[in-house]
There are 2 protein chains.
Amino acid sequence: MSFKGVDDLVHMVLSRIMISENSDHQIIVLKEKDGDRNFPIVIGIQEAWAIDRAVKNIPTPRPLTHDLMGNIINGLDIGVERITINDLKNNTFYATIALKQNGSKFEIDARPSDAIVLATQMKSEIFVSRKVLDEVCKIDSM
Amino acid sequence: MSFKGVDDLVHMVLSRIMISENSDHQIIVLKEKDGDRNFPIVIGIQEAWAIDRAVKNIPTPRPLTHDLMGNIINGLDIGVERITINDLKNNTFYATIALKQNGSKFEIDARPSDAIVLATQMKSEIFVSRKVLDEVCKIDSM
């Protein structure tokens, strides 16, 4: 991996998906790849199911929206270089998706849930900005 | 428009979106552009909202999944040539999305709901195979 600002980013892995079908809000947990800090992100049920299916490699009889997005990305040979949780404002996380195609790079805003669905489908790496991780873990230990 | 099998396709327009927030199933109606035949498609609430937002050009504070898909397609200069409702089996409609990028064409399977979200976002044309339209309008008049 080499890209600008790498020191400001921390490599994370998806460590838990907690789906409660009776709730509107589902929880995923990201954990430092080379450390112990972790934090939860609240996401919607469609995104939680899509992540769960991608982790377990479960096909759907028909392409749901996230599958369609993945199929477009695969079909047009677009690479998902990484996704980054890059901001936290008013308890809401923000993310970007770094795409690459034919040598061109393109970064796009996304909700963390959609970004993590894509990262899981494409086996892309997940990063969080050090500032966001420091902030969320500070809040966590209060 | 010129593409293979054009005689087998009928040009449609989205004529109604019926959203009932208390129901799991929403209805959109496609109508012949140059005729009176029309038929409803049952879709999910997320897709109905996404179509409604696209029709009314309402931005969301954060990109939802369909917005993200549209942003990827726009950002990478991918053209949505048309979408086609191309099959009907066991009361379920099937669709394809015809994409174009750098002179290459690519066709991808989708649920009609997702395909119509994309067509509405991108102002692409909506077609239905004549066979499907004949079939669904025959059932309708029984």
# chains A, B, ... in the order shown; residues from 1 in each chain; ligands from 1
$ interface_residues --of "chain B" --to "chain A" --cutoff "7 Å" --atoms "only C-alpha atoms" --output "PDB file with N, CA and C atoms, in the first residue's frame"
ATOM      1  N   ARG B  62     -27.305  12.795   2.667  1.00  0.00           N
ATOM      2  CA  ARG B  62     -26.203  11.844   2.498  1.00  0.00           C
ATOM      3  C   ARG B  62     -26.566  10.916   1.345  1.00  0.00           C
ATOM      4  N   PRO B  63     -25.555  10.455   0.595  1.00  0.00           N
ATOM      5  CA  PRO B  63     -25.888   9.572  -0.528  1.00  0.00           C
ATOM      6  C   PRO B  63     -26.437   8.238  -0.030  1.00  0.00           C
ATOM      7  N   THR B  65     -28.030   4.351  -1.043  1.00  0.00           N
ATOM      8  CA  THR B  65     -27.390   3.344  -1.912  1.00  0.00           C
ATOM      9  C   THR B  65     -27.595   3.640  -3.402  1.00  0.00           C
ATOM     10  N   LEU B  68     -25.491   6.545  -4.429  1.00  0.00           N
ATOM     11  CA  LEU B  68     -24.092   6.127  -4.574  1.00  0.00           C
ATOM     12  C   LEU B  68     -23.883   5.440  -5.930  1.00  0.00           C
ATOM     13  N   MET B  69     -24.804   4.547  -6.265  1.00  0.00           N
ATOM     14  CA  MET B  69     -24.689   3.848  -7.557  1.00  0.00           C
ATOM     15  C   MET B  69     -24.720   4.862  -8.699  1.00  0.00           C
ATOM     16  N   ALA B 110     -30.814  -6.963 -13.615  1.00  0.00           N
ATOM     17  CA  ALA B 110     -31.226  -6.162 -12.466  1.00  0.00           C
ATOM     18  C   ALA B 110     -32.688  -6.443 -12.159  1.00  0.00           C
ATOM     19  N   ARG B 111     -33.094  -6.110 -10.959  1.00  0.00           N
ATOM     20  CA  ARG B 111     -34.524  -6.093 -10.692  1.00  0.00           C
ATOM     21  C   ARG B 111     -35.091  -4.873 -11.421  1.00  0.00           C
ATOM     22  N   ASP B 114     -34.664  -1.494  -9.394  1.00  0.00           N
ATOM     23  CA  ASP B 114     -33.346  -0.846  -9.433  1.00  0.00           C
ATOM     24  C   ASP B 114     -33.079  -0.258 -10.816  1.00  0.00           C
TER      25      ASP B 114
END
$ residues_around --residues "B:Val10" --least-positions-apart "3" --cutoff "9 Å" --atoms "only C-alpha atoms" --output "list of chain:residue names"
B:Val6, B:Asp7, B:Glu32, B:Lys33, B:Asp34, B:Ile126, B:Phe127, B:Val128, B:Ser129, B:Arg130, B:Leu133
$ write_last_selection --atoms "N, CA and C atoms" --output "PDB file, in the first residue's frame"
ATOM      1  N   VAL B   6     -35.050  -3.981 -32.082  1.00  0.00           N
ATOM      2  CA  VAL B   6     -35.851  -2.823 -31.679  1.00  0.00           C
ATOM      3  C   VAL B   6     -37.347  -3.074 -31.870  1.00  0.00           C
ATOM      4  N   ASP B   7     -37.680  -3.895 -32.894  1.00  0.00           N
ATOM      5  CA  ASP B   7     -39.098  -4.172 -33.156  1.00  0.00           C
ATOM      6  C   ASP B   7     -39.744  -4.988 -32.040  1.00  0.00           C
ATOM      7  N   GLU B  32     -47.183   2.720 -22.096  1.00  0.00           N
ATOM      8  CA  GLU B  32     -46.612   2.855 -23.438  1.00  0.00           C
ATOM      9  C   GLU B  32     -46.413   4.335 -23.760  1.00  0.00           C
ATOM     10  N   LYS B  33     -45.238   4.686 -24.301  1.00  0.00           N
ATOM     11  CA  LYS B  33     -45.000   6.083 -24.676  1.00  0.00           C
ATOM     12  C   LYS B  33     -45.958   6.490 -25.814  1.00  0.00           C
ATOM     13  N   ASP B  34     -46.153   5.589 -26.776  1.00  0.00           N
ATOM     14  CA  ASP B  34     -47.011   5.920 -27.916  1.00  0.00           C
ATOM     15  C   ASP B  34     -48.257   5.045 -27.945  1.00  0.00           C
ATOM     16  N   ILE B 126     -36.863   3.712 -21.139  1.00  0.00           N
ATOM     17  CA  ILE B 126     -37.358   2.465 -20.544  1.00  0.00           C
ATOM     18  C   ILE B 126     -38.095   1.677 -21.624  1.00  0.00           C
ATOM     19  N   PHE B 127     -37.690   0.418 -21.789  1.00  0.00           N
ATOM     20  CA  PHE B 127     -38.358  -0.438 -22.771  1.00  0.00           C
ATOM     21  C   PHE B 127     -38.910  -1.683 -22.090  1.00  0.00           C
ATOM     22  N   VAL B 128     -39.899  -2.269 -22.751  1.00  0.00           N
ATOM     23  CA  VAL B 128     -40.370  -3.577 -22.297  1.00  0.00           C
ATOM     24  C   VAL B 128     -40.471  -4.466 -23.524  1.00  0.00           C
ATOM     25  N   SER B 129     -40.138  -5.720 -23.375  1.00  0.00           N
ATOM     26  CA  SER B 129     -40.240  -6.591 -24.551  1.00  0.00           C
ATOM     27  C   SER B 129     -41.715  -6.724 -24.906  1.00  0.00           C
ATOM     28  N   ARG B 130     -41.983  -6.729 -26.192  1.00  0.00           N
ATOM     29  CA  ARG B 130     -43.373  -6.788 -26.673  1.00  0.00           C
ATOM     30  C   ARG B 130     -44.064  -8.036 -26.125  1.00  0.00           C
ATOM     31  N   LEU B 133     -45.145  -7.342 -22.582  1.00  0.00           N
ATOM     32  CA  LEU B 133     -46.257  -6.380 -22.550  1.00  0.00           C
ATOM     33  C   LEU B 133     -47.554  -7.056 -22.997  1.00  0.00           C
TER      34      LEU B 133
END
$ atom_distance --atom1 "atom CA of B:Leu9" --atom2 "atom CA of B:Ile43"
22.1 Å
$ calpha_fit_and_write --fixed "chain A" --moving "chain B" --output "PDB file with C-alpha atoms, in the first residue's frame"
ATOM      1  CA  MET B   1      -0.122  -0.048  -0.026  1.00  0.00           C
ATOM      2  CA  SER B   2       1.241   3.366  -0.774  1.00  0.00           C
ATOM      3  CA  PHE B   3      -0.832   6.473  -0.910  1.00  0.00           C
ATOM      4  CA  LYS B   4      -0.725   9.979   0.375  1.00  0.00           C
ATOM      5  CA  GLY B   5      -1.471  10.428   4.031  1.00  0.00           C
ATOM      6  CA  VAL B   6      -1.025   6.754   4.889  1.00  0.00           C
ATOM      7  CA  ASP B   7       0.239   7.728   8.352  1.00  0.00           C
ATOM      8  CA  ASP B   8      -3.076   9.368   9.086  1.00  0.00           C
ATOM      9  CA  LEU B   9      -5.028   6.211   8.350  1.00  0.00           C
ATOM     10  CA  VAL B  10      -5.454   3.095  10.456  1.00  0.00           C
ATOM     11  CA  HIS B  11      -6.091  -0.265   8.827  1.00  0.00           C
ATOM     12  CA  MET B  12      -9.283  -1.844  10.170  1.00  0.00           C
ATOM     13  CA  VAL B  13     -11.121  -5.135   9.756  1.00  0.00           C
ATOM     14  CA  LEU B  14     -14.786  -5.944  10.091  1.00  0.00           C
ATOM     15  CA  SER B  15     -14.949  -7.908  13.333  1.00  0.00           C
ATOM     16  CA  ARG B  16     -18.668  -8.300  14.050  1.00  0.00           C
ATOM     17  CA  ILE B  17     -22.071  -8.006  12.407  1.00  0.00           C
ATOM     18  CA  MET B  18     -24.953  -7.911  14.882  1.00  0.00           C
ATOM     19  CA  ILE B  19     -28.303  -8.288  13.149  1.00  0.00           C
ATOM     20  CA  SER B  20     -31.503  -7.976  15.117  1.00  0.00           C
ATOM     21  CA  GLU B  21     -34.425  -8.347  12.749  1.00  0.00           C
ATOM     22  CA  ASN B  22     -36.790  -6.624  15.186  1.00  0.00           C
ATOM     23  CA  SER B  23     -34.780  -3.427  15.121  1.00  0.00           C
ATOM     24  CA  ASP B  24     -34.425  -0.673  12.546  1.00  0.00           C
ATOM     25  CA  HIS B  25     -30.793  -0.329  13.499  1.00  0.00           C
ATOM     26  CA  GLN B  26     -28.122  -2.952  13.108  1.00  0.00           C
ATOM     27  CA  ILE B  27     -24.554  -2.787  14.370  1.00  0.00           C
ATOM     28  CA  ILE B  28     -21.238  -3.653  12.815  1.00  0.00           C
ATOM     29  CA  VAL B  29     -17.933  -3.397  14.641  1.00  0.00           C
ATOM     30  CA  LEU B  30     -14.647  -2.360  13.053  1.00  0.00           C
ATOM     31  CA  LYS B  31     -11.443  -3.340  14.820  1.00  0.00           C
ATOM     32  CA  GLU B  32      -7.852  -2.257  14.278  1.00  0.00           C
ATOM     33  CA  LYS B  33      -6.067  -4.842  12.113  1.00  0.00           C
ATOM     34  CA  ASP B  34      -2.875  -4.454  14.169  1.00  0.00           C
ATOM     35  CA  GLY B  35      -4.345  -3.384  17.484  1.00  0.00           C
ATOM     36  CA  ASP B  36      -7.223  -3.727  19.880  1.00  0.00           C
ATOM     37  CA  ARG B  37      -9.194  -0.556  19.463  1.00  0.00           C
ATOM     38  CA  ASN B  38     -12.628  -1.043  17.967  1.00  0.00           C
ATOM     39  CA  PHE B  39     -15.855   0.875  17.491  1.00  0.00           C
ATOM     40  CA  PRO B  40     -19.423   0.129  16.421  1.00  0.00           C
ATOM     41  CA  ILE B  41     -21.293   1.711  13.508  1.00  0.00           C
ATOM     42  CA  VAL B  42     -25.077   1.696  13.383  1.00  0.00           C
ATOM     43  CA  ILE B  43     -26.362   0.754   9.925  1.00  0.00           C
ATOM     44  CA  GLY B  44     -29.627  -0.185   8.198  1.00  0.00           C
ATOM     45  CA  ILE B  45     -30.967  -3.707   7.800  1.00  0.00           C
ATOM     46  CA  GLN B  46     -30.469  -3.841   4.012  1.00  0.00           C
ATOM     47  CA  GLU B  47     -26.803  -2.921   4.399  1.00  0.00           C
ATOM     48  CA  ALA B  48     -26.340  -5.375   7.299  1.00  0.00           C
ATOM     49  CA  TRP B  49     -27.811  -8.199   5.244  1.00  0.00           C
ATOM     50  CA  ALA B  50     -25.678  -7.230   2.243  1.00  0.00           C
ATOM     51  CA  ILE B  51     -22.507  -7.285   4.380  1.00  0.00           C
ATOM     52  CA  ASP B  52     -23.519 -10.609   5.926  1.00  0.00           C
ATOM     53  CA  ARG B  53     -24.159 -12.151   2.484  1.00  0.00           C
ATOM     54  CA  ALA B  54     -20.844 -10.819   1.194  1.00  0.00           C
ATOM     55  CA  VAL B  55     -18.931 -12.206   4.203  1.00  0.00           C
ATOM     56  CA  LYS B  56     -20.591 -15.606   3.864  1.00  0.00           C
ATOM     57  CA  ASN B  57     -20.515 -15.524   0.075  1.00  0.00           C
ATOM     58  CA  ILE B  58     -24.251 -16.245  -0.130  1.00  0.00           C
ATOM     59  CA  PRO B  59     -25.738 -15.563  -3.568  1.00  0.00           C
ATOM     60  CA  THR B  60     -29.232 -14.060  -3.911  1.00  0.00           C
ATOM     61  CA  PRO B  61     -31.760 -15.476  -6.379  1.00  0.00           C
ATOM     62  CA  ARG B  62     -32.059 -11.979  -7.847  1.00  0.00           C
ATOM     63  CA  PRO B  63     -29.516  -9.164  -7.687  1.00  0.00           C
ATOM     64  CA  LEU B  64     -30.458  -6.796  -4.863  1.00  0.00           C
ATOM     65  CA  THR B  65     -29.286  -3.176  -5.032  1.00  0.00           C
ATOM     66  CA  HIS B  66     -25.853  -3.775  -3.500  1.00  0.00           C
ATOM     67  CA  ASP B  67     -25.350  -6.851  -5.696  1.00  0.00           C
ATOM     68  CA  LEU B  68     -26.217  -4.753  -8.748  1.00  0.00           C
ATOM     69  CA  MET B  69     -23.700  -2.108  -7.692  1.00  0.00           C
ATOM     70  CA  GLY B  70     -21.063  -4.829  -7.214  1.00  0.00           C
ATOM     71  CA  ASN B  71     -21.931  -6.373 -10.581  1.00  0.00           C
ATOM     72  CA  ILE B  72     -21.588  -3.013 -12.352  1.00  0.00           C
ATOM     73  CA  ILE B  73     -18.200  -2.468 -10.682  1.00  0.00           C
ATOM     74  CA  ASN B  74     -17.023  -5.969 -11.591  1.00  0.00           C
ATOM     75  CA  GLY B  75     -18.486  -5.857 -15.094  1.00  0.00           C
ATOM     76  CA  LEU B  76     -16.745  -2.610 -15.943  1.00  0.00           C
ATOM     77  CA  ASP B  77     -13.480  -3.729 -14.381  1.00  0.00           C
ATOM     78  CA  ILE B  78     -13.501  -1.019 -11.763  1.00  0.00           C
ATOM     79  CA  GLY B  79     -11.201  -1.617  -8.817  1.00  0.00           C
ATOM     80  CA  VAL B  80     -12.201  -0.678  -5.284  1.00  0.00           C
ATOM     81  CA  GLU B  81      -8.808   0.365  -3.920  1.00  0.00           C
ATOM     82  CA  ARG B  82      -9.962   0.990  -0.394  1.00  0.00           C
ATOM     83  CA  ILE B  83     -12.698   2.567   1.644  1.00  0.00           C
ATOM     84  CA  THR B  84     -12.017   5.110   4.362  1.00  0.00           C
ATOM     85  CA  ILE B  85     -14.108   6.251   7.291  1.00  0.00           C
ATOM     86  CA  ASN B  86     -12.841   9.796   7.135  1.00  0.00           C
ATOM     87  CA  ASP B  87     -15.037  11.908   9.358  1.00  0.00           C
ATOM     88  CA  LEU B  88     -17.338  11.907  12.376  1.00  0.00           C
ATOM     89  CA  LYS B  89     -19.762  14.781  12.910  1.00  0.00           C
ATOM     90  CA  ASN B  90     -22.706  14.846  15.336  1.00  0.00           C
ATOM     91  CA  ASN B  91     -22.315  11.111  15.961  1.00  0.00           C
ATOM     92  CA  THR B  92     -22.528  10.364  12.234  1.00  0.00           C
ATOM     93  CA  PHE B  93     -19.663   8.696  10.401  1.00  0.00           C
ATOM     94  CA  TYR B  94     -18.719   9.689   6.850  1.00  0.00           C
ATOM     95  CA  ALA B  95     -16.786   7.642   4.333  1.00  0.00           C
ATOM     96  CA  THR B  96     -15.171   7.705   0.933  1.00  0.00           C
ATOM     97  CA  ILE B  97     -14.623   4.956  -1.623  1.00  0.00           C
ATOM     98  CA  ALA B  98     -11.455   5.040  -3.728  1.00  0.00           C
ATOM     99  CA  LEU B  99     -12.077   3.566  -7.176  1.00  0.00           C
ATOM    100  CA  LYS B 100      -9.600   2.883  -9.949  1.00  0.00           C
ATOM    101  CA  GLN B 101     -10.228   2.168 -13.597  1.00  0.00           C
ATOM    102  CA  ASN B 102      -7.817   2.122 -16.531  1.00  0.00           C
ATOM    103  CA  GLY B 103      -5.170   3.853 -14.445  1.00  0.00           C
ATOM    104  CA  SER B 104      -7.492   6.675 -13.378  1.00  0.00           C
ATOM    105  CA  LYS B 105      -8.452   7.151  -9.770  1.00  0.00           C
ATOM    106  CA  PHE B 106     -11.729   8.465  -8.473  1.00  0.00           C
ATOM    107  CA  GLU B 107     -12.910   9.092  -4.940  1.00  0.00           C
ATOM    108  CA  ILE B 108     -16.570   9.197  -4.034  1.00  0.00           C
ATOM    109  CA  ASP B 109     -18.537  10.022  -0.875  1.00  0.00           C
ATOM    110  CA  ALA B 110     -20.611   7.251   0.668  1.00  0.00           C
ATOM    111  CA  ARG B 111     -22.276   6.242   3.867  1.00  0.00           C
ATOM    112  CA  PRO B 112     -19.924   3.922   5.811  1.00  0.00           C
ATOM    113  CA  SER B 113     -22.520   1.126   5.533  1.00  0.00           C
ATOM    114  CA  ASP B 114     -22.560   1.164   1.715  1.00  0.00           C
ATOM    115  CA  ALA B 115     -18.782   1.584   1.631  1.00  0.00           C
ATOM    116  CA  ILE B 116     -18.309  -1.442   3.898  1.00  0.00           C
ATOM    117  CA  VAL B 117     -20.717  -3.517   1.774  1.00  0.00           C
ATOM    118  CA  LEU B 118     -18.527  -2.731  -1.242  1.00  0.00           C
ATOM    119  CA  ALA B 119     -15.285  -3.389   0.646  1.00  0.00           C
ATOM    120  CA  THR B 120     -16.640  -6.759   1.800  1.00  0.00           C
ATOM    121  CA  GLN B 121     -17.861  -7.733  -1.678  1.00  0.00           C
ATOM    122  CA  MET B 122     -14.605  -6.706  -3.332  1.00  0.00           C
ATOM    123  CA  LYS B 123     -12.242  -7.804  -0.514  1.00  0.00           C
ATOM    124  CA  SER B 124     -10.935  -4.252  -0.332  1.00  0.00           C
ATOM    125  CA  GLU B 125      -9.147  -2.808   2.629  1.00  0.00           C
ATOM    126  CA  ILE B 126     -10.950  -0.704   5.213  1.00  0.00           C
ATOM    127  CA  PHE B 127      -9.282   2.327   6.770  1.00  0.00           C
ATOM    128  CA  VAL B 128     -10.293   4.894   9.323  1.00  0.00           C
ATOM    129  CA  SER B 129      -8.641   8.246   9.791  1.00  0.00           C
ATOM    130  CA  ARG B 130      -6.531   8.250  12.938  1.00  0.00           C
ATOM    131  CA  LYS B 131      -8.306  11.396  14.089  1.00  0.00           C
ATOM    132  CA  VAL B 132     -11.722   9.690  13.895  1.00  0.00           C
ATOM    133  CA  LEU B 133     -10.449   6.553  15.632  1.00  0.00           C
ATOM    134  CA  ASP B 134      -8.851   8.599  18.440  1.00  0.00           C
ATOM    135  CA  GLU B 135     -12.061  10.570  18.822  1.00  0.00           C
ATOM    136  CA  VAL B 136     -14.462   7.624  18.856  1.00  0.00           C
ATOM    137  CA  CYS B 137     -12.287   5.605  21.241  1.00  0.00           C
ATOM    138  CA  LYS B 138     -11.927   8.604  23.543  1.00  0.00           C
ATOM    139  CA  ILE B 139     -15.732   8.975  23.678  1.00  0.00           C
ATOM    140  CA  ASP B 140     -16.016   5.244  24.230  1.00  0.00           C
ATOM    141  CA  SER B 141     -13.894   5.259  27.358  1.00  0.00           C
ATOM    142  CA  MET B 142     -15.679   8.181  28.993  1.00  0.00           C
TER     143      MET B 142
END
$ select_by_dssp --residues "chain A" --states "helix (DSSP H, G or I)" --output "ChimeraX atom specification"
/A:6-8,45-56,65-75,112-122,130-140
$ select_by_dssp --residues "chain B" --states "strand (DSSP E)" --output "PyMOL selection string"
chain B and resi 9-18+26-32+38-43+79-89+92-101+104-110+125-129
$ decode --residues "stretch 104-128 of chain B" --atoms "N, CA and C atoms" --output "compact mmCIF listing (two decimals), in the first residue's frame"
# COMPACT_ATOMS: atom_id res chain seq x y z
N SER B 104 -17.43 0.84 -25.31
CA SER B 104 -17.79 -0.55 -25.03
C SER B 104 -19.19 -0.62 -24.44
N LYS B 105 -19.89 -1.68 -24.77
CA LYS B 105 -21.23 -1.86 -24.23
C LYS B 105 -21.25 -3.05 -23.28
N PHE B 106 -22.15 -2.97 -22.33
CA PHE B 106 -22.20 -3.98 -21.28
C PHE B 106 -23.62 -4.09 -20.79
N GLU B 107 -24.15 -5.29 -20.74
CA GLU B 107 -25.53 -5.46 -20.29
C GLU B 107 -25.54 -6.26 -18.99
N ILE B 108 -26.36 -5.81 -18.05
CA ILE B 108 -26.33 -6.41 -16.73
C ILE B 108 -27.74 -6.68 -16.23
N ASP B 109 -27.92 -7.81 -15.56
CA ASP B 109 -29.24 -8.16 -15.00
C ASP B 109 -29.55 -7.31 -13.78
N ALA B 110 -30.81 -6.96 -13.61
CA ALA B 110 -31.23 -6.16 -12.47
C ALA B 110 -32.69 -6.44 -12.16
N ARG B 111 -33.09 -6.11 -10.96
CA ARG B 111 -34.52 -6.09 -10.69
C ARG B 111 -35.09 -4.87 -11.42
N PRO B 112 -36.32 -4.95 -11.93
CA PRO B 112 -36.91 -3.78 -12.60
C PRO B 112 -36.87 -2.53 -11.72
N SER B 113 -37.08 -2.69 -10.42
CA SER B 113 -37.10 -1.51 -9.52
C SER B 113 -35.77 -0.77 -9.57
N ASP B 114 -34.66 -1.49 -9.39
CA ASP B 114 -33.35 -0.85 -9.43
C ASP B 114 -33.08 -0.26 -10.82
N ALA B 115 -33.48 -1.01 -11.86
CA ALA B 115 -33.26 -0.53 -13.22
C ALA B 115 -34.02 0.77 -13.46
N ILE B 116 -35.25 0.85 -12.94
CA ILE B 116 -36.06 2.05 -13.16
C ILE B 116 -35.54 3.22 -12.30
N VAL B 117 -34.98 2.93 -11.13
CA VAL B 117 -34.31 4.00 -10.37
C VAL B 117 -33.21 4.60 -11.24
N LEU B 118 -32.36 3.74 -11.79
CA LEU B 118 -31.24 4.21 -12.62
C LEU B 118 -31.74 4.98 -13.84
N ALA B 119 -32.75 4.43 -14.52
CA ALA B 119 -33.28 5.10 -15.71
C ALA B 119 -33.81 6.49 -15.35
N THR B 120 -34.45 6.59 -14.18
CA THR B 120 -35.02 7.88 -13.77
C THR B 120 -33.90 8.86 -13.41
N GLN B 121 -32.90 8.38 -12.69
CA GLN B 121 -31.76 9.24 -12.34
C GLN B 121 -31.04 9.75 -13.59
N MET B 122 -30.85 8.86 -14.54
CA MET B 122 -30.00 9.17 -15.70
C MET B 122 -30.81 9.64 -16.92
N LYS B 123 -32.13 9.76 -16.76
CA LYS B 123 -33.02 10.14 -17.86
C LYS B 123 -32.84 9.20 -19.06
N SER B 124 -32.72 7.92 -18.75
CA SER B 124 -32.57 6.92 -19.81
C SER B 124 -33.93 6.40 -20.23
N GLU B 125 -33.97 5.82 -21.38
CA GLU B 125 -35.25 5.31 -21.88
C GLU B 125 -35.56 3.94 -21.30
N ILE B 126 -36.86 3.71 -21.14
CA ILE B 126 -37.36 2.47 -20.54
C ILE B 126 -38.09 1.68 -21.62
N PHE B 127 -37.69 0.42 -21.79
CA PHE B 127 -38.36 -0.44 -22.77
C PHE B 127 -38.91 -1.68 -22.09
N VAL B 128 -39.90 -2.27 -22.75
CA VAL B 128 -40.37 -3.58 -22.30
C VAL B 128 -40.47 -4.47 -23.52
